[in-house]
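See below for the structure under consideration.
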Amino acid sequence: MPACYATPADHKFLLLESIFPVSAQGTPALFWSPEKPLTHLPEISGVDPVSANLLQQEYLKPLMQHSTESAVVFLKDRLHIDDFTKFADVYSLDSDGGAFKNIKSFMDEYFSLEIPQVKDPLKAVKELKSSFVGAVHTADSLAAVEKLNLGPSQKFLLIVELSPSSDLNDEEQTIASNDVTVGAVCHHLQKRGIKYTAMFTGKSSSAHQAEEFETFSGRHLLDTSESNIGTFVNISGAYLFLREVLVHIAHKDEKITLNLTVTDTFADESDINNNTALIQFDFDGTSKNGTGDYTVKITFNTTLKGDRWTINKILLSVDGIGEVGSNGSLSDSPLRTDDMDLVIPVLYSYHCSSMKMYVDYIRNKDLKDFQGTYVILNGLQMQPFNVQNEAFFNAQDCVGFFSRGIWMGIFSSLILLVILIFGVMMVLNLSTPDRFDDPKGKTITIAQAED
Amino acid sequence: MQANRTPPGVMPVPTEPTKRYGTPLGPIYGVISSVIIFLLVLVGIYYVLTGKGSRVDFGWFFLSTSPYMWALIGVGLAISLSVVGAAWGIYTTGVSINGGGVKAPRIKTKNLISIIFCEAVAIYGIIMAIVISTNISDVNMSTMTDLDKIRENYSAGFKMFGAGLTVGICNLACGICVGIVGSGAALADAADSTLFVKILIIEIFGSAIGLFGLIIAILQTTGASMASE
C-alpha cells in the first residue's frame, strides 16, 4: 500500500466526526479487546444516540458480563465527539492520534468498536457494576491499579475513573494525561497476562454545548407528530388548546424529567378580561422514575392593545423540588423568549408545534442553579381575545416562513448576484474590431515558414 | 444606440458589436425581470388579501439579522465600490493616454496626474474600510440583557453599513468622473498642449466629490462601537 494513503484504521476517528452531526446529548464510547473479536456486535447506523439500556443489553452484556475475560471501563468525566475532532489530530494522513495516542493505537492494533453517541453511559456502567459476577474494583490511577494485584485467574471488572480537568486548565493536557493513564493500565494488565475487554467513555457529554443550545429556538430538524389529539378548553371566551407538556429540571447535578398529563381543567385558574389575560396552566405529575410529586404552573401574561395582542411574560413555577426558598426553588421564574415573536395581530391566534423555553438564568442571577431547566409545550394554540365564529382564527406560527439565517443569506447573495449581473453585462458589451470582416471573402491563410 | 461623438473628418468606429450572435439580450432581460416582478407582486397580493400584511415585517428583519452582517457588508462595499470606481477611471484615462501617446509622446508624463487622481479614490476606499472595521468587535449578543447596549450594537452595525455604502458609491461616481475627464484631458493635451492646465481644474473638482464621501462616512462611523456588557 502506498505510503501516502491513510490506513483504514485512521479513518476510525475521522468517521466519528464526518458522518454524525454534533448533538448535545451523546457521549462516544470506544471498545477494544486484544483477544476477542467484536464483529458479532450490532453495527451502529443512524444519527440517534444509543440509549443506556441498548448499550447494556447489546454491548456490555455479551462483552463484559457473559464472557470469560475481565473487563476494564475507563470513565472520563466529560467526553464529547468534539474532543476527538480538536485533539486527536484527525486531519493529517499519518497522525498518531494527537492527545489520544495510546487509545488510537489500541483501537488500531486490537479488535475495536466505536459507538459515536451514547445517551447515558454512566447508567449502563452502574448497572453493569451491580450485576457483574466477579470482583469489582475501582481505581483512579496506575498506582491504585498496581496495588490491586490483579491476576489472570479470576474474572474482574475494573472501573478506572480518569482525573477531571479541574486542576489543569488546558483540556488537551487533561486528555493527554488521561490517555497516558489508559495506556499504562492496559500495558500493566498485559504484562500480567490478563485477558481483558476495555471500554473508554465519559460520564456525560461536554457542558459547553448547553449554552449555545439554549439560545437557539425555532426550527428543529425533526418533524413534529401528525396527531391532533389534545385538550381544548374555553375559559370565559379564551380558546386554548394543548397537546402535551414536558418539563425537565436541571438542579445543580440532578436532572429530573417530569411526567405531566394535560387534564380538562388544566387552564381553569386563568383570569381573562377584555384587555388583559393571565392564562395559567396547571399540571400535576411525578418524575420519570416515580419519586416525588410535583405541581407545575405555567403563566402567560398577555395584553391586548390596539391592533395587536402580546404575550409579555411566561413564568414557570414548580413545587416539589427539595430545597425551598427564594434561591432554591422555581417560583414564578421567567422563561427565555428572546427569539420568539410574541406580538400577534389582534384577531389571530398563536400556535406553536413545539415550544421549547429555557429558564432565563441570564437575567435572573439567582436561577443559576437551575440553568438548563426547560419546558416544552407541544401543539399549543391559544387565542385569548376576540374569538369570532366560535373557532380559532388564522394562527401566527412560532416558526416563520424564512428563518433569520435564510434572510441574511438571501440578502448577501442578492448583493453578490447584482455584482455578477453587472459584470456579465459589461463583458457582453465588449466588441471586437469587425469593421473589415467580410463573410463572403476569402479566409486568410498564413504561410508556414519552412523550418 | 450611443451618440455619435466622433469629431468631423474622422472615420466613425462602431462602439457596440455590429453583428448579432445568438439570442438578443434585450428581450431576455425583459422576460427575466417581468417574471421576477410578477412573482413579487403575486406574493405581495397574497399577503395583503389574506390579511397577513403584518407578517411582512421589516422591523423583525432588521432586528433579527445580525449586526455583523450589516457591518461587514459595509466594510466590503467601502473597499469594493471604491476600487471599481478607481479601476473604471484608470482604464478610461489609460486607454486615452496610450492612444494619444502614439502620435504625441509628450503627453505621457503630464497626464499621469489623472491616473493619480483616480488612484486616490481607491486609497480613500481602503482607508475607510480599515477605519470602519476597527469598530467591529466580538460580542456574544445572545447573553446580553441590557437593552441599551443591545441597541447600541445594532445601531453600530447599521452605521457601519451606511458609512461603507456612502463612501463606496461616492468614490464610484468620483472615479468614473475623473476617468472620463482625464481621458478628455489626455486627448485635448495631445491636440493642443496649452489646454492641459485648465482642464486639470475640472479634474480637481471631480476629485473633491470623492473626498466629500469620505468625510461623511467618517462622521457616520464615529460612535459606532460594539460593546458587550
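Residues in the C-alpha cells are named by chain (A, B, ... in the order shown) and by number from 1 within that chain; ligands are numbered from 1 in the order shown.
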
**OP:** Up to 7 Å from chain B, what residues of chain A turn up? Count only C-alpha atoms and give them as a list in words.
**Re:**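 Putting it all together, I get Thr215, Ile362, Arg363, Arg404, Met408, Asn429 and Ser431 of chain A.
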
**OP:** Tell me, as a VMD selection string, which residues lie within 8 Å of Gly125 of chain B, counting only C-alpha atoms; anything in the same chain fewer than 2 positions away does not count.
**Re:** chain B and resid 78 to 83 121 to 123 127 to 129 167 to 168 171 214

Those same residues - N, CA and C atoms - I'd like them written as a compact mmCIF listing (two decimals), in the first residue's frame.
# COMPACT_ATOMS: atom_id res chain seq x y z
N ALA B 78 -17.35 49.43 1.07
CA ALA B 78 -16.44 50.58 1.08
C ALA B 78 -15.26 50.33 0.16
N ILE B 79 -14.63 49.19 0.33
CA ILE B 79 -13.43 48.98 -0.47
C ILE B 79 -13.77 48.56 -1.89
N SER B 80 -14.80 47.76 -2.06
CA SER B 80 -15.02 47.22 -3.41
C SER B 80 -15.58 48.27 -4.35
N LEU B 81 -16.55 49.04 -3.90
CA LEU B 81 -17.09 50.05 -4.81
C LEU B 81 -16.05 51.13 -5.11
N SER B 82 -15.23 51.48 -4.12
CA SER B 82 -14.18 52.46 -4.40
C SER B 82 -13.21 51.92 -5.44
N VAL B 83 -12.87 50.66 -5.31
CA VAL B 83 -11.91 50.09 -6.26
C VAL B 83 -12.54 50.00 -7.65
N VAL B 121 -8.81 57.76 -5.20
CA VAL B 121 -10.16 57.29 -4.86
C VAL B 121 -10.10 55.90 -4.23
N ALA B 122 -9.25 55.05 -4.79
CA ALA B 122 -9.11 53.71 -4.21
C ALA B 122 -8.49 53.79 -2.82
N ILE B 123 -7.58 54.75 -2.64
CA ILE B 123 -6.95 54.88 -1.32
C ILE B 123 -7.96 55.35 -0.30
N ILE B 127 -8.77 53.27 3.15
CA ILE B 127 -8.68 53.90 4.47
C ILE B 127 -10.00 53.76 5.21
N MET B 128 -11.09 54.03 4.51
CA MET B 128 -12.39 53.95 5.17
C MET B 128 -12.71 52.53 5.58
N ALA B 129 -12.34 51.56 4.74
CA ALA B 129 -12.62 50.17 5.12
C ALA B 129 -11.89 49.83 6.40
N VAL B 167 -19.32 55.91 1.34
CA VAL B 167 -18.00 56.13 0.75
C VAL B 167 -17.86 55.33 -0.54
N GLY B 168 -18.48 54.16 -0.60
CA GLY B 168 -18.35 53.34 -1.81
C GLY B 168 -18.99 53.98 -3.01
N ASN B 171 -17.24 57.25 -4.09
CA ASN B 171 -15.96 57.01 -4.77
C ASN B 171 -16.17 56.38 -6.14
N LEU B 214 -15.89 60.56 1.73
CA LEU B 214 -15.01 60.11 2.82
C LEU B 214 -15.36 60.81 4.12

**OP:** Do a neighbour search on Gly97 of chain A at 12 Å with only C-alpha atoms, toss out local chain neighbours closer than 3 positions, and write the hits as a ChimeraX atom specification.
**Re:** /A:9-14,83-94,100-108,175-176,179

Original post:
When you draw a straight line from atom CA of Gly223 of chain B to atom CA of Asp148 of chain B, how long is it in Å?
Top reply: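 So the answer is 14.2 Å.
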
Excluding segment 54-62 of chain A and residues on its chain fewer than 4 positions from it, collect all residues at most 8 Å away from it, counting only C-alpha atoms, and give them as an mmCIF file with N, CA, C and O atoms, in the first residue's frame.
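The resulting file, result38.cif, is shown below:
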data_model
loop_
_atom_site.group_PDB
_atom_site.id
_atom_site.type_symbol
_atom_site.label_atom_id
_atom_site.label_comp_id
_atom_site.auth_asym_id
_atom_site.auth_seq_id
_atom_site.Cartn_x
_atom_site.Cartn_y
_atom_site.Cartn_z
ATOM 1 N N LEU A 41 -21.024 -7.979 17.326
ATOM 2 C CA LEU A 41 -21.893 -6.977 17.952
ATOM 3 C C LEU A 41 -22.600 -6.161 16.879
ATOM 4 O O LEU A 41 -22.060 -5.970 15.796
ATOM 5 N N PRO A 42 -23.823 -5.672 17.159
ATOM 6 C CA PRO A 42 -24.586 -4.968 16.117
ATOM 7 C C PRO A 42 -23.911 -3.668 15.699
ATOM 8 O O PRO A 42 -23.345 -2.937 16.505
ATOM 9 N N VAL A 50 -27.452 6.058 21.122
ATOM 10 C CA VAL A 50 -27.789 4.745 21.664
ATOM 11 C C VAL A 50 -28.190 4.921 23.112
ATOM 12 O O VAL A 50 -27.488 5.581 23.876
ATOM 13 N N HIS A 66 -21.069 -11.668 30.164
ATOM 14 C CA HIS A 66 -21.165 -13.089 29.848
ATOM 15 C C HIS A 66 -19.881 -13.663 29.295
ATOM 16 O O HIS A 66 -19.880 -14.742 28.741
ATOM 17 N N SER A 67 -18.788 -12.946 29.357
ATOM 18 C CA SER A 67 -17.570 -13.500 28.771
ATOM 19 C C SER A 67 -16.660 -14.010 29.878
ATOM 20 O O SER A 67 -16.860 -13.738 31.059
ATOM 21 N N VAL A 118 -23.718 7.802 22.801
ATOM 22 C CA VAL A 118 -24.444 7.016 23.798
ATOM 23 C C VAL A 118 -25.112 8.008 24.733
ATOM 24 O O VAL A 118 -24.499 8.995 25.134
ATOM 25 N N PRO A 121 -24.131 6.842 29.391
ATOM 26 C CA PRO A 121 -23.291 5.651 29.613
ATOM 27 C C PRO A 121 -23.078 5.344 31.083
ATOM 28 O O PRO A 121 -22.892 4.181 31.457
ATOM 29 N N ALA A 124 -25.480 2.829 32.298
ATOM 30 C CA ALA A 124 -25.191 1.459 31.865
ATOM 31 C C ALA A 124 -24.040 0.872 32.668
ATOM 32 O O ALA A 124 -24.044 -0.313 33.034
ATOM 33 N N VAL A 125 -23.037 1.722 32.962
ATOM 34 C CA VAL A 125 -21.883 1.208 33.715
ATOM 35 C C VAL A 125 -22.306 0.844 35.126
ATOM 36 O O VAL A 125 -21.869 -0.181 35.685
ATOM 37 N N GLU A 127 -25.210 -0.155 36.066
ATOM 38 C CA GLU A 127 -25.969 -1.402 36.021
ATOM 39 C C GLU A 127 -25.036 -2.598 35.855
ATOM 40 O O GLU A 127 -25.229 -3.663 36.447
ATOM 41 N N LEU A 128 -24.015 -2.411 35.039
ATOM 42 C CA LEU A 128 -23.031 -3.486 34.851
ATOM 43 C C LEU A 128 -22.355 -3.804 36.165
ATOM 44 O O LEU A 128 -22.142 -4.967 36.536
#

Original post:
Interatomic distance between atom CA of Gly164 of chain B and atom CA of Val75 of chain B?
Top reply: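 Interatomic distance, atom CA of Gly164 of chain B to atom CA of Val75 of chain B: 5.4 Å.
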
Subject >> Between atom CA of Leu112 of chain B and atom CA of Leu187 of chain B, distance in Å (one decimal) >> reply: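 Atom CA of Leu187 of chain B lies 13.0 Å from atom CA of Leu112 of chain B.
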
Subject >> Picked from segment 14-187 of chain A by DSSP as strand (DSSP E or B), as a PyMOL selection string >> reply: chain A and resi 27-33+50+70-78+111-118+135-139+156-161

**OP:** Tell me which protein, DNA and RNA residues are within 8 Å of Lys159 of chain B, counting only C-alpha atoms, leaving out same-chain ones fewer than 5 positions away, and put them as a list in words.
**Re:** Ala71, Gln220, Thr221 and Ala224 of chain B

Selection to disk with N, CA and C atoms, as an mmCIF file, in the first residue's frame:
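Written out: part-v9.cif:
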data_model
loop_
_atom_site.group_PDB
_atom_site.id
_atom_site.type_symbol
_atom_site.label_atom_id
_atom_site.label_comp_id
_atom_site.auth_asym_id
_atom_site.auth_seq_id
_atom_site.Cartn_x
_atom_site.Cartn_y
_atom_site.Cartn_z
ATOM 1 N N ALA B 71 -22.480 45.313 9.242
ATOM 2 C CA ALA B 71 -21.177 45.955 9.379
ATOM 3 C C ALA B 71 -20.188 45.435 8.352
ATOM 4 N N GLN B 220 -20.303 59.263 9.949
ATOM 5 C CA GLN B 220 -21.266 58.207 10.252
ATOM 6 C C GLN B 220 -20.678 57.131 11.136
ATOM 7 N N THR B 221 -19.410 56.875 10.961
ATOM 8 C CA THR B 221 -18.846 55.731 11.664
ATOM 9 C C THR B 221 -18.286 56.089 13.028
ATOM 10 N N ALA B 224 -19.807 54.494 16.437
ATOM 11 C CA ALA B 224 -20.357 53.165 16.181
ATOM 12 C C ALA B 224 -19.453 52.163 16.865
#
